There are 8 protein chains.
Amino acid sequence: MVQAYILIQTEVGKASTVAEVIGEMPGVIQAEDVTGPYDVIVRAQADTVDELGRMVVAKVQQVEGISRTLTCPVVHL
Amino acid sequence: MVQAYILIQTEVGKASTVAEVIGEMPGVIQAEDVTGPYDVIVRAQADTVDELGRMVVAKVQQVEGISRTLTCPVVHL
Amino acid sequence: MVQAYILIQTEVGKASTVAEVIGEMPGVIQAEDVTGPYDVIVRAQADTVDELGRMVVAKVQQVEGISRTLTCPVVHL
Amino acid sequence: MVQAYILIQTEVGKASTVAEVIGEMPGVIQAEDVTGPYDVIVRAQADTVDELGRMVVAKVQQVEGISRTLTCPVVHL
Amino acid sequence: MVQAYILIQTEVGKASTVAEVIGEMPGVIQAEDVTGPYDVIVRAQADTVDELGRMVVAKVQQVEGISRTLTCPVVHL
Amino acid sequence: MVQAYILIQTEVGKASTVAEVIGEMPGVIQAEDVTGPYDVIVRAQADTVDELGRMVVAKVQQVEGISRTLTCPVVHL
Amino acid sequence: MVQAYILIQTEVGKASTVAEVIGEMPGVIQAEDVTGPYDVIVRAQADTVDELGRMVVAKVQQVEGISRTLTCPVVHL
Amino acid sequence: MVQAYILIQTEVGKASTVAEVIGEMPGVIQAEDVTGPYDVIVRAQADTVDELGRMVVAKVQQVEGISRTLTCPVVHL
């Protein structure tokens with residue numbers, strides 16, 4: 001199981017809707033609005049890095065109002 | 001009371017209008033054009049962090065010509 | 001109550017220790033190692049923005065091996 | 001007269017002292033601690049851009065604990 | 001002969017197609033999807049720096065769905 | 001007299017035209033295509049910082065295909 | 001098997017040695033000097049994301065002269 | 001012949017000396033202090049990209065007080 005934080009920049013004025021829509025996706029543990037260089041921070045999980053990448057591209061990035069996502073996989077050192 | 005600087009990047013050619021429009025919003029203390037990685041720097045205040053966030057998303061980001069905002073809340077250490 | 005994500009860059013080779021030490025601080029909910037532009041992502045909470053700022057400066061940033069922290073307060077829009 | 005915002009990154013744990021020391025310099029109007037990618041935001045003024053540059057290099061950057069400054073001159077478009 | 005890495009940011013949801021299309025261009029050795037601040041990393045080669053620049057502008061950047069490219073020429077120190 | 005470098009990011013595929021058009025503007029000394037995080041680097045001059053700012057917003061940023069400009073005034077320390 | 005690009009910033013003057021040392025590590029496929037915002041680009045592989053993270057922290061980051069590493073895992077979408 | 005801009009970040013308080021020292025190196029056409037995210041902008045030339053890279057690593061980066069250099073080769077599209 002791979003977990004990751006997804007740091008999201010949204011188009012202006014879209015942060016709230018984006019967090020709400022992503023928060024209900026399967027595989028998403030939490031999605032919250034933040035201030036700073038990112039607008040939404042998501043915590044998600046998937047079986048493999050490849051599946052995580054697919055989830056980001058095929059589901060998260062399809063949400064209207066997203067301009068950039070930055071996936072940071074959690075590692076256990 | 002929470003105060004914050006809002007560092008704004010505008011679409012090309014829009015800096016001047018953006019600063020003018022934001023400068024007249026309630027809660028905004030000052031809005032100025034600058035050179036460098038940001039185009040407009042705003043100083044604003046609100047009752048809470050949540051309200052500040054709402055003000056940025058619901059009012060500031062609705063101004064035409066804004067491409068990114070970066071909110072930096074002032075903290076008293 | 002204010003919650004925040006703290007995105008941390010560590011000195012090379014220090015990520016693992018930093019996450020461990022911060023993970024045991026009061027006010028810290030979770031501290032994990034990640035790959036990408038940040039090395040550790042922390043979730044923390046405090047009573048006010050000011051107190052959160054003080055916690056970051058007075059406790060988190062005192063941990064040896066941290067080179068930059070970026071605090072992103074959660075907002076409820 | 002040229003005015004400018006100086007966005008400052010400090011070494012970890014130094015934000016509070018840096019803001020205090022800079023706040024008392026001649027030419028500095030205000031110096032505050034913030035959260036986000038910058039740690040201190042300063043508003044300053046000088047007679048010319050060259051003098052402003054000299055003030056940043058010769059005075060502001062001499063303060064112990066500063067790691068980067070980013071000067072954004074205010075422009076009147 | 002000049003070799004280079006081209007770090008590419010794509011529009012949301014376009015990473016996979018972009019990598020596929022670029023991967024078949026003459027002069028491109030490899031094109032892969034990655035996670036992090038970039039979406040696709042390409043390895044390419046050309047006869048001179050000028051020709052490499054032309055290849056990026058005239059071919060790579062013409063691919064639909066690319067928003068930024070960052071060319072890093074390999075140097076032999 | 002104020003001189004400045006203007007670091008420009010263009011839309012994909014537009015670097016060459018942008019450099020050409022800007023290179024013929026009054027006040028512009030040189031405009032060249034580069035590789036790396038910027039696409040065009042311009043050297044320009046004006047009587048004051050304000051006039052330089054106006055030149056960037058009113059002329060340079062009006063050129064089609066520019067997505068971001070970053071003005072770095074030259075200072076004599 | 002997980003593959004990744006590791007984008008490395010070195011201390012000034014250390015790029016060449018860093019690339020040479022990393023190039024001989026097990027798990028490293030290629031390590032090259034580049035110009036631009038990064039100084040060395042490495043291609044590496046490991047069995048899992050966790051192991052890749054450990055390899056970066058325990059081996060790559062131990063090389064003298066490295067100031068930042070940015071790991072970009074390859075994903076197959 | 002390859003020409004390039006070298007965008008330099010210096011340690012705090014070192015910009016002026018750095019520009020002066022680099023300005024007298026063979027291969028350097030101009031070296032000036034600027035404000036903004038960079039502290040010194042250099043224009044240089046060399047016979048090849050490799051030689052340019054060597055010049056940056058072996059000479060420019062040896063100057064005391066430099067913390068980062070970013071080489072942007074000029075391309076003729």
# chains A, B, ... in the order shown; residues from 1 in each chain; ligands from 1
>>> calpha_fit_and_write(fixed="chain H", moving="chain D", output="mmCIF file with N, CA, C and O atoms, in the first residue's frame")
data_model
loop_
_atom_site.group_PDB
_atom_site.id
_atom_site.type_symbol
_atom_site.label_atom_id
_atom_site.label_comp_id
_atom_site.auth_asym_id
_atom_site.auth_seq_id
_atom_site.Cartn_x
_atom_site.Cartn_y
_atom_site.Cartn_z
ATOM 1 N N MET D 1 30.686 29.396 -31.068
ATOM 2 C CA MET D 1 30.722 30.218 -29.845
ATOM 3 C C MET D 1 29.362 30.150 -29.124
ATOM 4 O O MET D 1 28.324 30.339 -29.750
ATOM 5 N N VAL D 2 29.368 29.842 -27.838
ATOM 6 C CA VAL D 2 28.139 29.791 -27.055
ATOM 7 C C VAL D 2 28.126 30.949 -26.065
ATOM 8 O O VAL D 2 29.115 31.177 -25.365
ATOM 9 N N GLN D 3 27.013 31.663 -26.012
ATOM 10 C CA GLN D 3 26.867 32.738 -25.025
ATOM 11 C C GLN D 3 25.823 32.337 -23.997
ATOM 12 O O GLN D 3 24.966 31.503 -24.255
ATOM 13 N N ALA D 4 25.892 32.932 -22.821
ATOM 14 C CA ALA D 4 24.936 32.550 -21.776
ATOM 15 C C ALA D 4 24.774 33.667 -20.756
ATOM 16 O O ALA D 4 25.679 34.480 -20.553
ATOM 17 N N TYR D 5 23.598 33.701 -20.144
ATOM 18 C CA TYR D 5 23.390 34.509 -18.957
ATOM 19 C C TYR D 5 23.570 33.591 -17.746
ATOM 20 O O TYR D 5 23.094 32.457 -17.742
ATOM 21 N N ILE D 6 24.263 34.072 -16.743
ATOM 22 C CA ILE D 6 24.391 33.301 -15.506
ATOM 23 C C ILE D 6 23.715 34.106 -14.402
ATOM 24 O O ILE D 6 24.161 35.207 -14.068
ATOM 25 N N LEU D 7 22.605 33.567 -13.891
ATOM 26 C CA LEU D 7 21.845 34.238 -12.835
ATOM 27 C C LEU D 7 22.374 33.736 -11.499
ATOM 28 O O LEU D 7 22.354 32.531 -11.240
ATOM 29 N N ILE D 8 22.839 34.646 -10.633
ATOM 30 C CA ILE D 8 23.561 34.232 -9.433
ATOM 31 C C ILE D 8 22.862 34.692 -8.156
ATOM 32 O O ILE D 8 22.414 35.828 -8.060
ATOM 33 N N GLN D 9 22.743 33.785 -7.213
ATOM 34 C CA GLN D 9 22.325 34.151 -5.851
ATOM 35 C C GLN D 9 23.562 34.123 -4.976
ATOM 36 O O GLN D 9 24.323 33.160 -4.998
ATOM 37 N N THR D 10 23.745 35.188 -4.204
ATOM 38 C CA THR D 10 24.922 35.253 -3.350
ATOM 39 C C THR D 10 24.515 35.101 -1.894
ATOM 40 O O THR D 10 23.346 35.223 -1.552
ATOM 41 N N GLU D 11 25.473 34.834 -1.066
ATOM 42 C CA GLU D 11 25.221 34.911 0.370
ATOM 43 C C GLU D 11 24.873 36.348 0.711
ATOM 44 O O GLU D 11 25.289 37.271 0.016
ATOM 45 N N VAL D 12 24.108 36.537 1.780
ATOM 46 C CA VAL D 12 23.688 37.893 2.131
ATOM 47 C C VAL D 12 24.917 38.786 2.321
ATOM 48 O O VAL D 12 25.911 38.373 2.922
ATOM 49 N N GLY D 13 24.836 39.969 1.732
ATOM 50 C CA GLY D 13 25.894 40.964 1.916
ATOM 51 C C GLY D 13 27.088 40.818 0.984
ATOM 52 O O GLY D 13 28.027 41.596 1.046
ATOM 53 N N LYS D 14 27.055 39.826 0.070
ATOM 54 C CA LYS D 14 28.221 39.566 -0.783
ATOM 55 C C LYS D 14 28.020 39.991 -2.252
ATOM 56 O O LYS D 14 28.940 39.847 -3.063
ATOM 57 N N ALA D 15 26.825 40.461 -2.613
ATOM 58 C CA ALA D 15 26.507 40.711 -4.023
ATOM 59 C C ALA D 15 27.540 41.604 -4.697
ATOM 60 O O ALA D 15 28.019 41.310 -5.791
ATOM 61 N N SER D 16 27.889 42.688 -4.039
ATOM 62 C CA SER D 16 28.747 43.685 -4.667
ATOM 63 C C SER D 16 30.135 43.118 -4.986
ATOM 64 O O SER D 16 30.643 43.275 -6.096
ATOM 65 N N THR D 17 30.749 42.439 -4.040
ATOM 66 C CA THR D 17 32.079 41.863 -4.272
ATOM 67 C C THR D 17 32.029 40.788 -5.349
ATOM 68 O O THR D 17 32.929 40.700 -6.196
ATOM 69 N N VAL D 18 31.006 39.951 -5.307
ATOM 70 C CA VAL D 18 30.892 38.875 -6.290
ATOM 71 C C VAL D 18 30.855 39.442 -7.709
ATOM 72 O O VAL D 18 31.575 38.978 -8.598
ATOM 73 N N ALA D 19 30.018 40.464 -7.922
ATOM 74 C CA ALA D 19 29.905 41.054 -9.259
ATOM 75 C C ALA D 19 31.247 41.618 -9.712
ATOM 76 O O ALA D 19 31.638 41.479 -10.877
ATOM 77 N N GLU D 20 31.943 42.236 -8.800
ATOM 78 C CA GLU D 20 33.223 42.860 -9.133
ATOM 79 C C GLU D 20 34.264 41.810 -9.543
ATOM 80 O O GLU D 20 34.940 41.958 -10.566
ATOM 81 N N VAL D 21 34.371 40.758 -8.757
ATOM 82 C CA VAL D 21 35.359 39.718 -9.040
ATOM 83 C C VAL D 21 35.052 39.002 -10.359
ATOM 84 O O VAL D 21 35.937 38.804 -11.200
ATOM 85 N N ILE D 22 33.790 38.624 -10.557
ATOM 86 C CA ILE D 22 33.426 37.907 -11.782
ATOM 87 C C ILE D 22 33.613 38.794 -13.009
ATOM 88 O O ILE D 22 34.005 38.333 -14.081
ATOM 89 N N GLY D 23 33.330 40.085 -12.842
ATOM 90 C CA GLY D 23 33.416 41.008 -13.968
ATOM 91 C C GLY D 23 34.796 41.062 -14.602
ATOM 92 O O GLY D 23 34.940 41.499 -15.752
ATOM 93 N N GLU D 24 35.808 40.613 -13.882
ATOM 94 C CA GLU D 24 37.165 40.687 -14.436
ATOM 95 C C GLU D 24 37.677 39.356 -14.967
ATOM 96 O O GLU D 24 38.834 39.243 -15.373
ATOM 97 N N MET D 25 36.825 38.349 -14.968
ATOM 98 C CA MET D 25 37.248 37.033 -15.472
ATOM 99 C C MET D 25 37.274 37.014 -16.992
ATOM 100 O O MET D 25 36.401 37.611 -17.630
ATOM 101 N N PRO D 26 38.222 36.286 -17.595
ATOM 102 C CA PRO D 26 38.190 36.118 -19.044
ATOM 103 C C PRO D 26 36.934 35.338 -19.432
ATOM 104 O O PRO D 26 36.534 34.399 -18.740
ATOM 105 N N GLY D 27 36.291 35.735 -20.510
ATOM 106 C CA GLY D 27 35.067 35.070 -20.957
ATOM 107 C C GLY D 27 33.820 35.756 -20.442
ATOM 108 O O GLY D 27 32.715 35.499 -20.908
ATOM 109 N N VAL D 28 33.988 36.648 -19.442
ATOM 110 C CA VAL D 28 32.836 37.367 -18.898
ATOM 111 C C VAL D 28 32.703 38.720 -19.589
ATOM 112 O O VAL D 28 33.662 39.499 -19.631
ATOM 113 N N ILE D 29 31.528 38.971 -20.157
ATOM 114 C CA ILE D 29 31.310 40.214 -20.895
ATOM 115 C C ILE D 29 30.822 41.308 -19.951
ATOM 116 O O ILE D 29 31.190 42.465 -20.066
ATOM 117 N N GLN D 30 29.969 40.935 -18.992
ATOM 118 C CA GLN D 30 29.384 41.916 -18.095
ATOM 119 C C GLN D 30 28.889 41.217 -16.812
ATOM 120 O O GLN D 30 28.418 40.091 -16.866
ATOM 121 N N ALA D 31 28.994 41.893 -15.700
ATOM 122 C CA ALA D 31 28.502 41.341 -14.423
ATOM 123 C C ALA D 31 27.915 42.477 -13.621
ATOM 124 O O ALA D 31 28.610 43.422 -13.287
ATOM 125 N N GLU D 32 26.616 42.384 -13.311
ATOM 126 C CA GLU D 32 25.939 43.504 -12.653
ATOM 127 C C GLU D 32 25.105 43.045 -11.457
ATOM 128 O O GLU D 32 24.516 41.970 -11.463
ATOM 129 N N ASP D 33 25.002 43.899 -10.461
ATOM 130 C CA ASP D 33 24.122 43.653 -9.319
ATOM 131 C C ASP D 33 22.691 43.982 -9.707
ATOM 132 O O ASP D 33 22.437 44.983 -10.362
ATOM 133 N N VAL D 34 21.763 43.122 -9.289
ATOM 134 C CA VAL D 34 20.340 43.396 -9.532
ATOM 135 C C VAL D 34 19.538 43.142 -8.253
ATOM 136 O O VAL D 34 20.028 42.488 -7.330
ATOM 137 N N THR D 35 18.307 43.643 -8.201
ATOM 138 C CA THR D 35 17.420 43.280 -7.096
ATOM 139 C C THR D 35 16.426 42.265 -7.618
ATOM 140 O O THR D 35 16.205 42.166 -8.820
ATOM 141 N N GLY D 36 15.813 41.524 -6.721
ATOM 142 C CA GLY D 36 14.864 40.490 -7.116
ATOM 143 C C GLY D 36 15.366 39.142 -6.651
ATOM 144 O O GLY D 36 16.214 39.059 -5.763
ATOM 145 N N PRO D 37 14.877 38.057 -7.248
ATOM 146 C CA PRO D 37 15.278 36.724 -6.778
ATOM 147 C C PRO D 37 16.750 36.398 -7.038
ATOM 148 O O PRO D 37 17.285 35.478 -6.446
ATOM 149 N N TYR D 38 17.394 37.137 -7.930
ATOM 150 C CA TYR D 38 18.824 36.954 -8.168
ATOM 151 C C TYR D 38 19.569 38.193 -7.701
ATOM 152 O O TYR D 38 18.981 39.272 -7.605
ATOM 153 N N ASP D 39 20.854 38.043 -7.407
ATOM 154 C CA ASP D 39 21.628 39.166 -6.881
ATOM 155 C C ASP D 39 22.606 39.722 -7.907
ATOM 156 O O ASP D 39 22.941 40.899 -7.881
ATOM 157 N N VAL D 40 23.084 38.853 -8.800
ATOM 158 C CA VAL D 40 24.040 39.264 -9.821
ATOM 159 C C VAL D 40 23.647 38.579 -11.132
ATOM 160 O O VAL D 40 23.300 37.395 -11.132
ATOM 161 N N ILE D 41 23.671 39.331 -12.236
ATOM 162 C CA ILE D 41 23.452 38.714 -13.546
ATOM 163 C C ILE D 41 24.707 38.920 -14.386
ATOM 164 O O ILE D 41 25.195 40.031 -14.528
ATOM 165 N N VAL D 42 25.212 37.797 -14.922
ATOM 166 C CA VAL D 42 26.465 37.797 -15.672
ATOM 167 C C VAL D 42 26.182 37.403 -17.117
ATOM 168 O O VAL D 42 25.328 36.561 -17.373
ATOM 169 N N ARG D 43 26.883 38.021 -18.039
ATOM 170 C CA ARG D 43 26.830 37.576 -19.425
ATOM 171 C C ARG D 43 28.206 37.063 -19.790
ATOM 172 O O ARG D 43 29.204 37.757 -19.620
ATOM 173 N N ALA D 44 28.273 35.820 -20.276
ATOM 174 C CA ALA D 44 29.573 35.207 -20.543
ATOM 175 C C ALA D 44 29.540 34.463 -21.867
ATOM 176 O O ALA D 44 28.480 34.220 -22.431
ATOM 177 N N GLN D 45 30.722 34.067 -22.336
ATOM 178 C CA GLN D 45 30.774 33.273 -23.564
ATOM 179 C C GLN D 45 31.926 32.281 -23.515
ATOM 180 O O GLN D 45 32.909 32.475 -22.791
ATOM 181 N N ALA D 46 31.754 31.203 -24.287
ATOM 182 C CA ALA D 46 32.779 30.166 -24.350
ATOM 183 C C ALA D 46 32.652 29.465 -25.697
ATOM 184 O O ALA D 46 31.703 29.713 -26.441
ATOM 185 N N ASP D 47 33.607 28.574 -25.998
ATOM 186 C CA ASP D 47 33.583 27.939 -27.308
ATOM 187 C C ASP D 47 32.478 26.896 -27.447
ATOM 188 O O ASP D 47 31.869 26.764 -28.504
ATOM 189 N N THR D 48 32.235 26.133 -26.372
ATOM 190 C CA THR D 48 31.215 25.089 -26.435
ATOM 191 C C THR D 48 30.422 25.078 -25.128
ATOM 192 O O THR D 48 30.823 25.705 -24.155
ATOM 193 N N VAL D 49 29.295 24.329 -25.125
ATOM 194 C CA VAL D 49 28.505 24.199 -23.907
ATOM 195 C C VAL D 49 29.332 23.556 -22.801
ATOM 196 O O VAL D 49 29.250 23.940 -21.639
ATOM 197 N N ASP D 50 30.129 22.561 -23.163
ATOM 198 C CA ASP D 50 30.957 21.895 -22.162
ATOM 199 C C ASP D 50 31.947 22.883 -21.536
ATOM 200 O O ASP D 50 32.129 22.915 -20.324
ATOM 201 N N GLU D 51 32.556 23.704 -22.381
ATOM 202 C CA GLU D 51 33.534 24.661 -21.872
ATOM 203 C C GLU D 51 32.850 25.718 -20.993
ATOM 204 O O GLU D 51 33.407 26.160 -19.988
ATOM 205 N N LEU D 52 31.642 26.089 -21.410
ATOM 206 C CA LEU D 52 30.870 27.039 -20.617
ATOM 207 C C LEU D 52 30.587 26.441 -19.234
ATOM 208 O O LEU D 52 30.754 27.092 -18.203
ATOM 209 N N GLY D 53 30.154 25.173 -19.228
ATOM 210 C CA GLY D 53 29.894 24.494 -17.960
ATOM 211 C C GLY D 53 31.133 24.451 -17.086
ATOM 212 O O GLY D 53 31.071 24.698 -15.886
ATOM 213 N N ARG D 54 32.281 24.156 -17.719
ATOM 214 C CA ARG D 54 33.542 24.093 -16.966
ATOM 215 C C ARG D 54 33.916 25.454 -16.388
ATOM 216 O O ARG D 54 34.374 25.566 -15.257
ATOM 217 N N MET D 55 33.698 26.491 -17.200
ATOM 218 C CA MET D 55 34.010 27.853 -16.750
ATOM 219 C C MET D 55 33.169 28.214 -15.518
ATOM 220 O O MET D 55 33.666 28.795 -14.546
ATOM 221 N N VAL D 56 31.873 27.840 -15.549
ATOM 222 C CA VAL D 56 31.001 28.155 -14.413
ATOM 223 C C VAL D 56 31.470 27.411 -13.172
ATOM 224 O O VAL D 56 31.606 27.993 -12.086
ATOM 225 N N VAL D 57 31.734 26.115 -13.315
ATOM 226 C CA VAL D 57 32.104 25.313 -12.153
ATOM 227 C C VAL D 57 33.514 25.648 -11.654
ATOM 228 O O VAL D 57 33.753 25.787 -10.453
ATOM 229 N N ALA D 58 34.447 25.796 -12.610
ATOM 230 C CA ALA D 58 35.846 25.920 -12.201
ATOM 231 C C ALA D 58 36.244 27.350 -11.851
ATOM 232 O O ALA D 58 37.186 27.570 -11.097
ATOM 233 N N LYS D 59 35.525 28.334 -12.410
ATOM 234 C CA LYS D 59 35.922 29.713 -12.122
ATOM 235 C C LYS D 59 34.838 30.497 -11.373
ATOM 236 O O LYS D 59 35.043 30.963 -10.255
ATOM 237 N N VAL D 60 33.679 30.645 -12.003
ATOM 238 C CA VAL D 60 32.636 31.483 -11.400
ATOM 239 C C VAL D 60 32.277 30.960 -10.006
ATOM 240 O O VAL D 60 32.240 31.714 -9.032
ATOM 241 N N GLN D 61 32.011 29.660 -9.903
ATOM 242 C CA GLN D 61 31.537 29.114 -8.620
ATOM 243 C C GLN D 61 32.635 29.079 -7.553
ATOM 244 O O GLN D 61 32.351 28.805 -6.388
ATOM 245 N N GLN D 62 33.877 29.348 -7.952
ATOM 246 C CA GLN D 62 34.948 29.392 -6.949
ATOM 247 C C GLN D 62 34.979 30.727 -6.211
ATOM 248 O O GLN D 62 35.665 30.864 -5.201
ATOM 249 N N VAL D 63 34.252 31.715 -6.741
ATOM 250 C CA VAL D 63 34.243 33.033 -6.100
ATOM 251 C C VAL D 63 33.550 32.930 -4.747
ATOM 252 O O VAL D 63 32.467 32.364 -4.637
ATOM 253 N N GLU D 64 34.176 33.484 -3.750
ATOM 254 C CA GLU D 64 33.609 33.400 -2.406
ATOM 255 C C GLU D 64 32.312 34.196 -2.294
ATOM 256 O O GLU D 64 32.241 35.325 -2.781
ATOM 257 N N GLY D 65 31.284 33.595 -1.686
ATOM 258 C CA GLY D 65 30.058 34.323 -1.446
ATOM 259 C C GLY D 65 28.924 33.942 -2.372
ATOM 260 O O GLY D 65 27.820 34.443 -2.260
ATOM 261 N N ILE D 66 29.181 33.027 -3.327
ATOM 262 C CA ILE D 66 28.128 32.567 -4.238
ATOM 263 C C ILE D 66 27.401 31.387 -3.620
ATOM 264 O O ILE D 66 28.023 30.450 -3.145
ATOM 265 N N SER D 67 26.051 31.420 -3.619
ATOM 266 C CA SER D 67 25.352 30.244 -3.092
ATOM 267 C C SER D 67 24.674 29.415 -4.183
ATOM 268 O O SER D 67 24.513 28.216 -4.024
ATOM 269 N N ARG D 68 24.233 30.014 -5.286
ATOM 270 C CA ARG D 68 23.635 29.263 -6.405
ATOM 271 C C ARG D 68 23.916 29.976 -7.710
ATOM 272 O O ARG D 68 23.888 31.204 -7.757
ATOM 273 N N THR D 69 24.188 29.224 -8.780
ATOM 274 C CA THR D 69 24.246 29.826 -10.109
ATOM 275 C C THR D 69 23.268 29.100 -11.005
ATOM 276 O O THR D 69 23.033 27.911 -10.839
ATOM 277 N N LEU D 70 22.679 29.834 -11.932
ATOM 278 C CA LEU D 70 21.737 29.254 -12.887
ATOM 279 C C LEU D 70 22.158 29.705 -14.277
ATOM 280 O O LEU D 70 22.029 30.878 -14.621
ATOM 281 N N THR D 71 22.686 28.781 -15.054
ATOM 282 C CA THR D 71 23.193 29.112 -16.389
ATOM 283 C C THR D 71 22.094 28.976 -17.438
ATOM 284 O O THR D 71 21.462 27.931 -17.539
ATOM 285 N N CYS D 72 21.868 30.038 -18.206
ATOM 286 C CA CYS D 72 20.862 30.030 -19.274
ATOM 287 C C CYS D 72 21.544 30.289 -20.612
ATOM 288 O O CYS D 72 21.724 31.448 -21.008
ATOM 289 N N PRO D 73 21.924 29.233 -21.364
ATOM 290 C CA PRO D 73 22.569 29.433 -22.652
ATOM 291 C C PRO D 73 21.655 30.169 -23.624
ATOM 292 O O PRO D 73 20.455 29.880 -23.688
ATOM 293 N N VAL D 74 22.224 31.123 -24.357
ATOM 294 C CA VAL D 74 21.476 31.811 -25.412
ATOM 295 C C VAL D 74 21.312 30.854 -26.587
ATOM 296 O O VAL D 74 22.259 30.153 -26.953
ATOM 297 N N VAL D 75 20.123 30.780 -27.166
ATOM 298 C CA VAL D 75 19.911 29.947 -28.361
ATOM 299 C C VAL D 75 19.397 30.812 -29.507
ATOM 300 O O VAL D 75 18.658 31.757 -29.296
ATOM 301 N N HIS D 76 19.814 30.455 -30.705
ATOM 302 C CA HIS D 76 19.351 31.187 -31.886
ATOM 303 C C HIS D 76 18.345 30.325 -32.606
ATOM 304 O O HIS D 76 18.710 29.366 -33.280
ATOM 305 N N LEU D 77 17.078 30.640 -32.406
ATOM 306 C CA LEU D 77 16.001 29.784 -32.924
ATOM 307 C C LEU D 77 15.715 30.045 -34.412
ATOM 308 O O LEU D 77 16.149 31.039 -34.953
#
>>> select_by_dssp(residues="chain E", states="strand (DSSP E or B)", output="VMD selection string")
chain E and resid 2 to 10 28 to 34 40 to 46 66 to 74
